[in-house]
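A.B. asks: Here you go, one structure.
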Amino acid sequence: MEFKEIESKWQKKWEDAKIGVPERNENKPKFFLIWAYATVSGFQHTGHMRGYSYADAIARFKRMTGHNVLLCAGGHATGNGAIAKANKLAKKDAAMVEELKSRGVTDEQIEKMSDVDEFINFFAKNYVKDYQSFGFVGDWQRFMLTTTPDYNKFIEWQFKKLNEKELIIQKPYFANCCVVDGPVAVDPSEMDLSKGGTAEQTDCTLIKLDYGKEQGISQYIVVATLRPETMYGQTNVWLDYDIEYVKIKIKPNNGKEEIWIASSEFADKIKYQIDEVKVIGKIKGSELTGNYCYAPSVDREIIILPSKFCDPNIGTGIVTSVPSDAPADYIGLHDLQVSEELCKKYNLDFEAIKNIKPIPIIKSKGYGDFPAIEICNRLGIKSQADKEKLEEAKKEIYKIGFHTGVMHDNAGPFAGMKVTEAKDKMKEHLIQLGHADKFIDLSEEVVCRCGNPVRVMRRDNAWFIKYSDEEWTQKSIKYLDEMELYPDAMKENFSSAVDWFSDRACAREGNWLGTKLPFDKNYTVEAISDSTLYPIYYMVSKYVNEGLIKPEQLTEEFFDYVFLERGTKEEVANKTELDVQLVDKVQKDVAYWYPLDINLGGKEHRTVHFPPFLLNHTALLPKKFWPKGIFVNFWVMQAPNQKLSKSKGGAQPIPGVSEKYSVDGMRLYYANAASPFADIYFEEESLLNYKAKIEKLNSFVDEILSKELSSSQGKMDAWFESSFNSSLKRAKDAMEINDFKTTSNEIYFNMNKLFTTYFAREGNNKSLVQEYLPKWIQTMGLFTPHIAEELNEKVNKFFENKETLVANTSWPKVKEDKINKEIEVSIELIGEIKKDIKDILVLAKIESPNEIKIIISPTWKYDFFKLFKEILEETQNPKDIISKVMTTNLKQYSKDVMRLIPACLKDRSKIPFVLLGDKKEEELVNSFKEDIEQEFKCKVIVTTAKDFDHPKSGNASPGKPAILVE
RNA sequence: GCGGGGGUAGCAAAGUCUGGUCAAAUGCGCAGGACUUAAGAUCCUGUCUCUUAGUGAGUUCGUGGGUUCGAAUCCCUCCCCCCGCACCA
């Protein structure tokens, strides 16, 4: 099959027919959906297409069920991703140029793309092309970008409104910042970074150990710790003998000038968090070794000792030693205590070292006073060189200590307190006494895209959106009950995400793409914060894109009127010089299309994008405009546990894969391979199977059309109509709740099977085929729209119907009156009989039977099952059931009844689903007598248990006649 | 740590909310058959174990308990896997 040809043929027809470009029509129910827009910084991949194809299937279904459907998309370019990549192109970055070229981008185009705007526009266009090539039908005329002047006006308005509601606040913030470029996003996508995307901020406590005075100023050895609660167990200090440390003149938060001794790396970090930091001198580790400093908490002098595990890049490069609870500390001490030689090398008093004893501080579950010693013994850790085991030991002790630990008696005011509680209290306590300070470090080295290091910086007046506002949060959480959230788990999930979502730094200093904060032009609104309320802007972008509205006309009054109905259209028209009818039109569009019915996005949006999306709506718009639904789709994985990602490679270009697997094949794969709420692996074999399925559908329809059909009815007709309508109903019901897997199962496998069975059993009614074949094909319009149109065209021609587009038709109506479970069961029953005969022939080793007797069940069994089913409605208790049955005239069969009841209770499948009755069953089997005779090439006699006295007759049961082969 | 999701037959994956037609849909794979000169494709049948002239029995849905006449489904224990955690749609 020429997939490519078929795809573009129908895509063009849909476009020409303006299927995706709806007109406002107040008499028709609307459905407005979007997918969360993608960052414009590279090609889209198969993961994006998964979610989008769900959105398109929903849109097509809603369109076919009488809705006016608006599906829109846009592109997000806020931040510096595009800038960085455009710059790379300007520098002729070989890898990137090569990547673009490999996807058919011309040299000329690449040249142009070193300009950021060109870069963004290129990909934006590319995205729309991808959507179209995947058969998504939407209103692409409304496509918008977050970096255009009109969008900026919208965001300015949004922030003015937030400010009006007093939801914008300023406070200090510790941001991850490039030392040159300012704030960056530290996250695994590494959009802003060249290294360190998985780094996290770690909250350290700096402990200051008194080390005399220098120039009359107090001097401290400064150590960084994550476990301030263990300070009562300090026995010594560790540093690296061979490293040169620095003396830092600093004015920490207590306002007094001090001198800190720490690594020079630390000096470089702390200057971004504490003002007035100056390196005034150097001091070697060897010069400090063996000296004493005064430790708070333990209130005495402790010795400074050398070790190999002090990394100048972590913390201050100096650590305090708590050998009772820190395995490395214990082992470090142990190494020295067993080696006089080593002590001598460092010029240490061996006896003094040997006298250092761990101090018990925490009692943890399953451990004694010295967990570190226990675990080192258990894991067989012998020296500092056992780095891996030490790490494991540290984690284990930290974990168990944190969760189960209780502070020992020697922990001053914290004695008896749980570690979870003592940790923060101890920290505050030490800070208050001036013995400690805060410091935020990064867990690994982070390097900006520009090549400069990323540091944690304190920003004093950072702008925040006050998502912590209790009333606002509660109002929004309460509203979740009225929303449709997919999957179900989102209901639980999402309210905690909304609750958890606290104040968000919403703007960055520096030169970024995006919108300048209206009340502080040094700040640019950050990427999450300018993509929350945007679905409503699709109502405006249409007219901007058409050139009917200029960005400067998008004034506060304009948005106030069209979104909030504040003021009058005349005033707005006057002030903006817009046509009053246009202002009116935009307002009416908003009133018609809003709220958004579905916002669809990948699972990564659950905690970062969707909460503020909802929160901004509830804060700024009237309740009637709050979003109605969120749909979260899961990922396409490259290999186990590896998400597809633009930056990490592995994702294949859309045009390439769609050619290889066909668009319909891929869309069917997405719909049918798994629930939308499970990650799937992109498996070639599977995809090719689905592609083959599309081809089979095509040849199956050809085959049907080539059949000689008759104008008379057949005995399979009623069955087919009933089964098809049942299936259609299941498909529709499932689609109403976005259960794509069930819907696609019905359409592509079950309905397919119904047709094959129908023809296999000599169904050949032309008018039936003429009615149902097109219906079946229409249902394919949701997931495999191209082949659906192709088949529809073919079938219309064949039956000389008028031309239609599946995309324009109504979803086939379920003919409830045709659904007849008795008839469906009947055909199954005949099938069962045939299967039983086959089994018997094999088991009895009869090759060509002379005669087959089919014996219909005794009449009383029908009565029994009828009664039994009635009783089951009332009671499930075996005793009650038996006594009830025995009060009827069935008691004459008490022996059989007593056997049947327990068996049927145990295995409910023994109870016939539908009871035909003996007369009907006999008639039915008789009507298929010839059919069976033909199949087994022998005489068939249909009789009843009453008329045929034979041991087998007693075995017959309703829906399961006895069979005797001779 | 905080928050969330999940473990189902050879594989993938429904079923779990609303307990009983669940030995468990569907697809793939595999086996046999039909068609074909043949292969492929397609179609039919089978695919937990045992048994049997079919409508029979047993053991299964991560582990171990419990509730119930009845549990893949409800409750508890434990084990394992995955995801999000903030200036990254």
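The way I read the labels, and the way they are meant: chains A, B, ... in the order of the structure tokens, residue 1 as the first residue of every chain, and ligand 1 as the first ligand shown, with later ones counted on from there.
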For C76 in chain B, list every protein, DNA or RNA residue within 12 Å, evaluated using only C-alpha atoms (C1' of nucleotides), and leave out those in the same chain fewer than 3 positions away; present the list as a list in words.

C.D. replies: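 These residues fall inside the cut-off: G64, G65, G66 and U67 of chain B.
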
A.B. asks: Using only all heavy atoms, please write the residues we just selected to a file, as a PDB file, in the first residue's frame.

C.D. replies:
```pdb
ATOM      1  P     G B  64       3.158 -17.369  49.338  1.00  0.00           P
ATOM      2  OP1   G B  64       3.583 -18.784  49.332  1.00  0.00           O
ATOM      3  OP2   G B  64       2.043 -16.940  48.467  1.00  0.00           O
ATOM      4  O5'   G B  64       2.820 -16.938  50.821  1.00  0.00           O
ATOM      5  C5'   G B  64       3.761 -17.211  51.861  1.00  0.00           C
ATOM      6  C4'   G B  64       3.354 -16.477  53.102  1.00  0.00           C
ATOM      7  O4'   G B  64       3.441 -15.048  52.879  1.00  0.00           O
ATOM      8  C3'   G B  64       1.903 -16.662  53.517  1.00  0.00           C
ATOM      9  O3'   G B  64       1.687 -17.905  54.169  1.00  0.00           O
ATOM     10  C2'   G B  64       1.709 -15.471  54.448  1.00  0.00           C
ATOM     11  O2'   G B  64       2.308 -15.667  55.699  1.00  0.00           O
ATOM     12  C1'   G B  64       2.465 -14.391  53.664  1.00  0.00           C
ATOM     13  N9    G B  64       1.552 -13.648  52.789  1.00  0.00           N
ATOM     14  C8    G B  64       1.280 -13.861  51.452  1.00  0.00           C
ATOM     15  N7    G B  64       0.399 -13.021  50.971  1.00  0.00           N
ATOM     16  C5    G B  64       0.066 -12.212  52.044  1.00  0.00           C
ATOM     17  C6    G B  64      -0.834 -11.127  52.145  1.00  0.00           C
ATOM     18  O6    G B  64      -1.544 -10.644  51.261  1.00  0.00           O
ATOM     19  N1    G B  64      -0.860 -10.591  53.441  1.00  0.00           N
ATOM     20  C2    G B  64      -0.113 -11.043  54.489  1.00  0.00           C
ATOM     21  N2    G B  64      -0.276 -10.415  55.648  1.00  0.00           N
ATOM     22  N3    G B  64       0.730 -12.054  54.419  1.00  0.00           N
ATOM     23  C4    G B  64       0.773 -12.588  53.177  1.00  0.00           C
ATOM     24  P     G B  65       0.205 -18.419  54.394  1.00  0.00           P
ATOM     25  OP1   G B  65       0.274 -19.812  54.851  1.00  0.00           O
ATOM     26  OP2   G B  65      -0.622 -18.066  53.203  1.00  0.00           O
ATOM     27  O5'   G B  65      -0.261 -17.508  55.599  1.00  0.00           O
ATOM     28  C5'   G B  65      -1.619 -17.271  55.796  1.00  0.00           C
ATOM     29  C4'   G B  65      -1.780 -16.128  56.757  1.00  0.00           C
ATOM     30  O4'   G B  65      -1.125 -14.947  56.211  1.00  0.00           O
ATOM     31  C3'   G B  65      -3.222 -15.705  56.931  1.00  0.00           C
ATOM     32  O3'   G B  65      -3.870 -16.517  57.894  1.00  0.00           O
ATOM     33  C2'   G B  65      -3.077 -14.256  57.338  1.00  0.00           C
ATOM     34  O2'   G B  65      -2.678 -14.114  58.674  1.00  0.00           O
ATOM     35  C1'   G B  65      -1.958 -13.819  56.388  1.00  0.00           C
ATOM     36  N9    G B  65      -2.497 -13.432  55.073  1.00  0.00           N
ATOM     37  C8    G B  65      -2.303 -14.074  53.874  1.00  0.00           C
ATOM     38  N7    G B  65      -2.936 -13.506  52.881  1.00  0.00           N
ATOM     39  C5    G B  65      -3.584 -12.433  53.461  1.00  0.00           C
ATOM     40  C6    G B  65      -4.429 -11.446  52.892  1.00  0.00           C
ATOM     41  O6    G B  65      -4.771 -11.336  51.715  1.00  0.00           O
ATOM     42  N1    G B  65      -4.891 -10.532  53.844  1.00  0.00           N
ATOM     43  C2    G B  65      -4.566 -10.566  55.177  1.00  0.00           C
ATOM     44  N2    G B  65      -5.097  -9.608  55.943  1.00  0.00           N
ATOM     45  N3    G B  65      -3.784 -11.476  55.734  1.00  0.00           N
ATOM     46  C4    G B  65      -3.328 -12.370  54.822  1.00  0.00           C
ATOM     47  P     G B  66      -5.292 -17.122  57.519  1.00  0.00           P
ATOM     48  OP1   G B  66      -5.673 -18.069  58.585  1.00  0.00           O
ATOM     49  OP2   G B  66      -5.255 -17.577  56.110  1.00  0.00           O
ATOM     50  O5'   G B  66      -6.217 -15.841  57.606  1.00  0.00           O
ATOM     51  C5'   G B  66      -6.286 -15.113  58.831  1.00  0.00           C
ATOM     52  C4'   G B  66      -6.967 -13.801  58.627  1.00  0.00           C
ATOM     53  O4'   G B  66      -6.306 -13.050  57.576  1.00  0.00           O
ATOM     54  C3'   G B  66      -8.411 -13.875  58.128  1.00  0.00           C
ATOM     55  O3'   G B  66      -9.308 -14.188  59.170  1.00  0.00           O
ATOM     56  C2'   G B  66      -8.610 -12.456  57.609  1.00  0.00           C
ATOM     57  O2'   G B  66      -8.805 -11.527  58.661  1.00  0.00           O
ATOM     58  C1'   G B  66      -7.248 -12.182  56.958  1.00  0.00           C
ATOM     59  N9    G B  66      -7.271 -12.448  55.520  1.00  0.00           N
ATOM     60  C8    G B  66      -6.668 -13.474  54.827  1.00  0.00           C
ATOM     61  N7    G B  66      -6.882 -13.416  53.533  1.00  0.00           N
ATOM     62  C5    G B  66      -7.677 -12.284  53.362  1.00  0.00           C
ATOM     63  C6    G B  66      -8.225 -11.709  52.182  1.00  0.00           C
ATOM     64  O6    G B  66      -8.116 -12.094  51.025  1.00  0.00           O
ATOM     65  N1    G B  66      -8.964 -10.577  52.464  1.00  0.00           N
ATOM     66  C2    G B  66      -9.157 -10.044  53.725  1.00  0.00           C
ATOM     67  N2    G B  66      -9.899  -8.942  53.797  1.00  0.00           N
ATOM     68  N3    G B  66      -8.646 -10.567  54.830  1.00  0.00           N
ATOM     69  C4    G B  66      -7.928 -11.677  54.577  1.00  0.00           C
ATOM     70  P     U B  67     -10.687 -14.874  58.829  1.00  0.00           P
ATOM     71  OP1   U B  67     -11.365 -15.151  60.103  1.00  0.00           O
ATOM     72  OP2   U B  67     -10.434 -15.959  57.849  1.00  0.00           O
ATOM     73  O5'   U B  67     -11.474 -13.708  58.087  1.00  0.00           O
ATOM     74  C5'   U B  67     -11.937 -12.573  58.811  1.00  0.00           C
ATOM     75  C4'   U B  67     -12.710 -11.672  57.883  1.00  0.00           C
ATOM     76  O4'   U B  67     -11.828 -11.198  56.833  1.00  0.00           O
ATOM     77  C3'   U B  67     -13.839 -12.345  57.122  1.00  0.00           C
ATOM     78  O3'   U B  67     -15.006 -12.430  57.929  1.00  0.00           O
ATOM     79  C2'   U B  67     -14.023 -11.396  55.942  1.00  0.00           C
ATOM     80  O2'   U B  67     -14.727 -10.236  56.299  1.00  0.00           O
ATOM     81  C1'   U B  67     -12.566 -11.033  55.630  1.00  0.00           C
ATOM     82  N1    U B  67     -11.990 -11.915  54.591  1.00  0.00           N
ATOM     83  C2    U B  67     -12.269 -11.611  53.270  1.00  0.00           C
ATOM     84  O2    U B  67     -12.955 -10.666  52.943  1.00  0.00           O
ATOM     85  N3    U B  67     -11.722 -12.467  52.353  1.00  0.00           N
ATOM     86  C4    U B  67     -10.930 -13.573  52.603  1.00  0.00           C
ATOM     87  O4    U B  67     -10.506 -14.242  51.671  1.00  0.00           O
ATOM     88  C5    U B  67     -10.686 -13.814  53.992  1.00  0.00           C
ATOM     89  C6    U B  67     -11.211 -13.006  54.920  1.00  0.00           C
TER      90        U B  67
END
```

A.B. asks: Can you tell me which residues surround Lys30 in chain A at a distance of at most 7 Å, considering only C-alpha atoms (C1' of nucleotides), apart from same-chain residues fewer than 4 positions away, and format the answer as a short mmCIF file (atom, residue, chain, number, x, y, z; two decimals) with all heavy atoms, in the first residue's frame?

C.D. replies:
```cif
data_model
loop_
_atom_site.label_atom_id
_atom_site.label_comp_id
_atom_site.auth_asym_id
_atom_site.auth_seq_id
_atom_site.Cartn_x
_atom_site.Cartn_y
_atom_site.Cartn_z
N HIS A 67 -20.37 17.63 18.32
CA HIS A 67 -19.77 18.80 18.95
C HIS A 67 -19.04 19.66 17.94
O HIS A 67 -18.54 19.19 16.92
CB HIS A 67 -18.78 18.37 20.03
CG HIS A 67 -19.39 17.66 21.18
ND1 HIS A 67 -19.70 16.31 21.13
CD2 HIS A 67 -19.78 18.08 22.40
CE1 HIS A 67 -20.25 15.94 22.28
NE2 HIS A 67 -20.31 17.01 23.07
N ASN A 68 -18.99 20.92 18.27
CA ASN A 68 -18.16 21.86 17.54
C ASN A 68 -16.81 21.79 18.23
O ASN A 68 -16.70 22.13 19.41
CB ASN A 68 -18.80 23.25 17.72
CG ASN A 68 -18.56 24.13 16.54
OD1 ASN A 68 -18.04 23.69 15.52
ND2 ASN A 68 -18.96 25.38 16.67
N VAL A 69 -15.82 21.30 17.53
CA VAL A 69 -14.55 21.00 18.22
C VAL A 69 -13.45 21.96 17.83
O VAL A 69 -13.19 22.19 16.65
CB VAL A 69 -14.10 19.56 17.90
CG1 VAL A 69 -12.73 19.30 18.51
CG2 VAL A 69 -15.10 18.56 18.44
N TRP A 593 -16.27 29.43 23.60
CA TRP A 593 -15.30 28.33 23.64
C TRP A 593 -14.79 28.02 25.04
O TRP A 593 -14.43 26.88 25.34
CB TRP A 593 -14.11 28.61 22.73
CG TRP A 593 -14.45 28.58 21.28
CD1 TRP A 593 -14.49 29.63 20.41
CD2 TRP A 593 -14.80 27.43 20.50
NE1 TRP A 593 -14.84 29.22 19.16
CE2 TRP A 593 -15.03 27.86 19.18
CE3 TRP A 593 -14.94 26.07 20.79
CZ2 TRP A 593 -15.40 27.01 18.14
CZ3 TRP A 593 -15.31 25.21 19.75
CH2 TRP A 593 -15.54 25.68 18.46
#
```

A.B. asks: Can you tell me, as a list in words, which residues in range 290-425 of chain A count as strand (DSSP E or B) by DSSP?

C.D. replies: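 DSSP on the backbone gives strand (DSSP E or B) at Tyr292, Cys293, Tyr294, Ala295, Arg300, Glu301, Ile302, Ile303, Ile304, Leu305, Pro306, Val319, Thr320, Ser321, Ile362, Lys363, Val406, Met407 and Lys418 of chain A.
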
A.B. asks: Quick one: pull the distance between CA of Leu162 in chain A and CA of Thr607 in chain A, Å, one decimal.

C.D. replies: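 Going from CA of Leu162 in chain A over to CA of Thr607 in chain A, I get 21.0 Å.
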
A.B. asks: Calculated over only C-alpha atoms (C1' of nucleotides), which of the candidates A:Gly233, A:Pro858, A:Gly602, A:Gly20 has the smallest distance to chain B?

C.D. replies: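 Using only C-alpha atoms (C1' of nucleotides), the shortest distance to chain B belongs to A:Gly602.
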
A.B. asks: Within 12 Å of Leu620 in chain A, counting only C-alpha atoms (C1' of nucleotides), which residues qualify if same-chain residues fewer than 5 places away don't, as a PyMOL selection string?

C.D. replies: chain A and resi 157-167+472+476+532-533+536+559-560+563-564+612-615+625-626

A.B. asks: Taking into account only C-alpha atoms, which residue in the set A:Phe864, A:Tyr893, A:Phe123, A:Phe740 is nearest to Ala55 in chain A?

C.D. replies: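 Among the listed residues, A:Phe740 lies closest to Ala55 in chain A.
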
A.B. asks: Counting only C-alpha atoms (C1' of nucleotides), which residues from chain B have an atom at most 10 Å from any atom of chain A, and could you show them as a ChimeraX atom specification?

C.D. replies: /B:1-6,12-14,17,20-22,25-28,41-45,52-55,69-70,82-89

A.B. asks: Do a neighbour search on range 765-778 of chain A at 7 Å with only C-alpha atoms (C1' of nucleotides), toss out local chain neighbours closer than 2 positions, and write the hits as a PDB file with C-alpha atoms, in the first residue's frame.

C.D. replies:
```
ATOM      1  CA  LEU A 709     -23.840 -10.920  -2.241  1.00  0.00           C
ATOM      2  CA  SER A 710     -27.477 -11.850  -2.372  1.00  0.00           C
ATOM      3  CA  SER A 711     -30.520  -9.710  -1.865  1.00  0.00           C
ATOM      4  CA  SER A 712     -32.150 -12.144   0.508  1.00  0.00           C
ATOM      5  CA  GLN A 713     -31.826 -12.382   4.251  1.00  0.00           C
ATOM      6  CA  GLY A 714     -29.896 -15.133   5.945  1.00  0.00           C
ATOM      7  CA  GLY A 763     -23.823 -14.729   5.647  1.00  0.00           C
ATOM      8  CA  MET A 780     -11.942   3.628  12.168  1.00  0.00           C
ATOM      9  CA  GLY A 781     -11.921   7.367  11.647  1.00  0.00           C
ATOM     10  CA  ALA A 788     -10.803   5.007   7.105  1.00  0.00           C
ATOM     11  CA  LEU A 791     -11.941   2.601   2.554  1.00  0.00           C
ATOM     12  CA  ASN A 792     -14.925   4.860   2.914  1.00  0.00           C
ATOM     13  CA  VAL A 795     -17.107   1.553  -0.383  1.00  0.00           C
ATOM     14  CA  VAL A 806     -15.543  10.118   7.463  1.00  0.00           C
ATOM     15  CA  PRO A 812     -22.898   5.488  13.697  1.00  0.00           C
TER      16      PRO A 812
END
```

A.B. asks: From the DSSP assignment of the backbone, select every residue of range 352-522 of chain A that is helix (DSSP H, G or I), and format the answer as a ChimeraX atom specification.

C.D. replies: /A:352-354,371-379,387-404,412-414,419-432,470-482,489-500

A.B. asks: Could you list, as a ChimeraX atom specification, every residue within 8 Å of range 112-122 of chain A, counting only C-alpha atoms (C1' of nucleotides) and ignoring same-chain residues fewer than 5 positions away?

C.D. replies: /A:40-41,77,82-83,85-90

A.B. asks: Figure out the distance between CA of Thr784 in chain A and CA of Ala73 in chain A, please, to one decimal in Å.

C.D. replies: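 Those two atoms sit 20.9 Å apart.
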
A.B. asks: I'd like the contact shell of Ile630 in chain A - 7 Å cut-off, only C-alpha atoms (C1' of nucleotides), skipping same-chain residues fewer than 2 positions apart - returned as a PyMOL selection string.

C.D. replies: chain A and resi 484-486+598-600+632

A.B. asks: Take the selection from the previous step and output its residues with all heavy atoms, as an mmCIF file, in the first residue's frame.

C.D. replies:
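Contents of again25.cif, as written:
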```
data_model
loop_
_atom_site.group_PDB
_atom_site.id
_atom_site.type_symbol
_atom_site.label_atom_id
_atom_site.label_comp_id
_atom_site.auth_asym_id
_atom_site.auth_seq_id
_atom_site.Cartn_x
_atom_site.Cartn_y
_atom_site.Cartn_z
ATOM 1 N N GLU A 484 -12.861 16.547 35.344
ATOM 2 C CA GLU A 484 -12.621 15.196 34.847
ATOM 3 C C GLU A 484 -11.124 15.018 34.711
ATOM 4 O O GLU A 484 -10.486 15.671 33.892
ATOM 5 C CB GLU A 484 -13.288 15.016 33.484
ATOM 6 C CG GLU A 484 -14.783 14.959 33.594
ATOM 7 C CD GLU A 484 -15.367 14.148 32.460
ATOM 8 O OE1 GLU A 484 -14.902 13.020 32.234
ATOM 9 O OE2 GLU A 484 -16.272 14.680 31.797
ATOM 10 N N LEU A 485 -10.592 14.111 35.523
ATOM 11 C CA LEU A 485 -9.152 13.918 35.517
ATOM 12 C C LEU A 485 -8.828 12.509 35.053
ATOM 13 O O LEU A 485 -9.398 11.539 35.544
ATOM 14 C CB LEU A 485 -8.584 14.151 36.924
ATOM 15 C CG LEU A 485 -8.846 15.530 37.524
ATOM 16 C CD1 LEU A 485 -8.413 15.582 38.977
ATOM 17 C CD2 LEU A 485 -8.115 16.605 36.734
ATOM 18 N N TYR A 486 -7.934 12.416 34.099
ATOM 19 C CA TYR A 486 -7.498 11.113 33.599
ATOM 20 C C TYR A 486 -6.009 10.985 33.780
ATOM 21 O O TYR A 486 -5.286 11.924 33.453
ATOM 22 C CB TYR A 486 -7.847 10.963 32.109
ATOM 23 C CG TYR A 486 -9.312 10.842 31.868
ATOM 24 C CD1 TYR A 486 -10.079 11.970 31.594
ATOM 25 C CD2 TYR A 486 -9.940 9.607 31.920
ATOM 26 C CE1 TYR A 486 -11.443 11.857 31.381
ATOM 27 C CE2 TYR A 486 -11.297 9.492 31.703
ATOM 28 C CZ TYR A 486 -12.050 10.618 31.435
ATOM 29 O OH TYR A 486 -13.391 10.504 31.231
ATOM 30 N N ILE A 598 -10.398 19.945 27.748
ATOM 31 C CA ILE A 598 -9.301 19.034 28.097
ATOM 32 C C ILE A 598 -7.960 19.697 27.834
ATOM 33 O O ILE A 598 -7.733 20.273 26.777
ATOM 34 C CB ILE A 598 -9.359 17.720 27.286
ATOM 35 C CG1 ILE A 598 -10.519 16.845 27.749
ATOM 36 C CG2 ILE A 598 -8.051 16.937 27.439
ATOM 37 C CD1 ILE A 598 -10.601 15.523 27.032
ATOM 38 N N ASN A 599 -7.096 19.621 28.826
ATOM 39 C CA ASN A 599 -5.698 19.961 28.629
ATOM 40 C C ASN A 599 -4.945 18.640 28.719
ATOM 41 O O ASN A 599 -4.982 17.965 29.744
ATOM 42 C CB ASN A 599 -5.235 20.927 29.726
ATOM 43 C CG ASN A 599 -3.813 21.415 29.498
ATOM 44 O OD1 ASN A 599 -3.123 20.964 28.582
ATOM 45 N ND2 ASN A 599 -3.364 22.331 30.333
ATOM 46 N N LEU A 600 -4.321 18.258 27.625
ATOM 47 C CA LEU A 600 -3.650 16.961 27.583
ATOM 48 C C LEU A 600 -2.138 17.155 27.631
ATOM 49 O O LEU A 600 -1.598 18.009 26.925
ATOM 50 C CB LEU A 600 -4.060 16.232 26.301
ATOM 51 C CG LEU A 600 -3.449 14.865 26.034
ATOM 52 C CD1 LEU A 600 -4.482 13.957 25.390
ATOM 53 C CD2 LEU A 600 -2.225 14.953 25.135
ATOM 54 N N VAL A 632 -3.699 13.058 31.347
ATOM 55 C CA VAL A 632 -2.261 12.837 31.460
ATOM 56 C C VAL A 632 -1.884 11.550 30.738
ATOM 57 O O VAL A 632 -2.337 10.474 31.117
ATOM 58 C CB VAL A 632 -1.837 12.713 32.935
ATOM 59 C CG1 VAL A 632 -0.371 12.349 33.035
ATOM 60 C CG2 VAL A 632 -2.110 14.016 33.664
#
```

A.B. asks: Excluding Pro312 in chain A and any residue of its chain fewer than 4 positions from it, enumerate the residues within 12 Å of it, using only C-alpha atoms (C1' of nucleotides), and give them as a list in words.

C.D. replies: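 In the requested form, the answer reads Val223, Ala224, Trp238, Leu239, Asp240, Tyr241, Asp242, Ile243, Glu244, Tyr245, Val246, Ile261, Ala262, Ser263, Ser264, Glu265, Phe266, Ala267, Asp268, Lys269, Gly285, Lys308, Thr316, Gly317, Ile318 and Val319 of chain A.
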
A.B. asks: Can you work out the spacing between CA of Val277 in chain A and CA of Lys427 in chain A in Å, to one decimal?

C.D. replies: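 If I compute the distance from CA of Val277 in chain A to CA of Lys427 in chain A, I get 22.7 Å.
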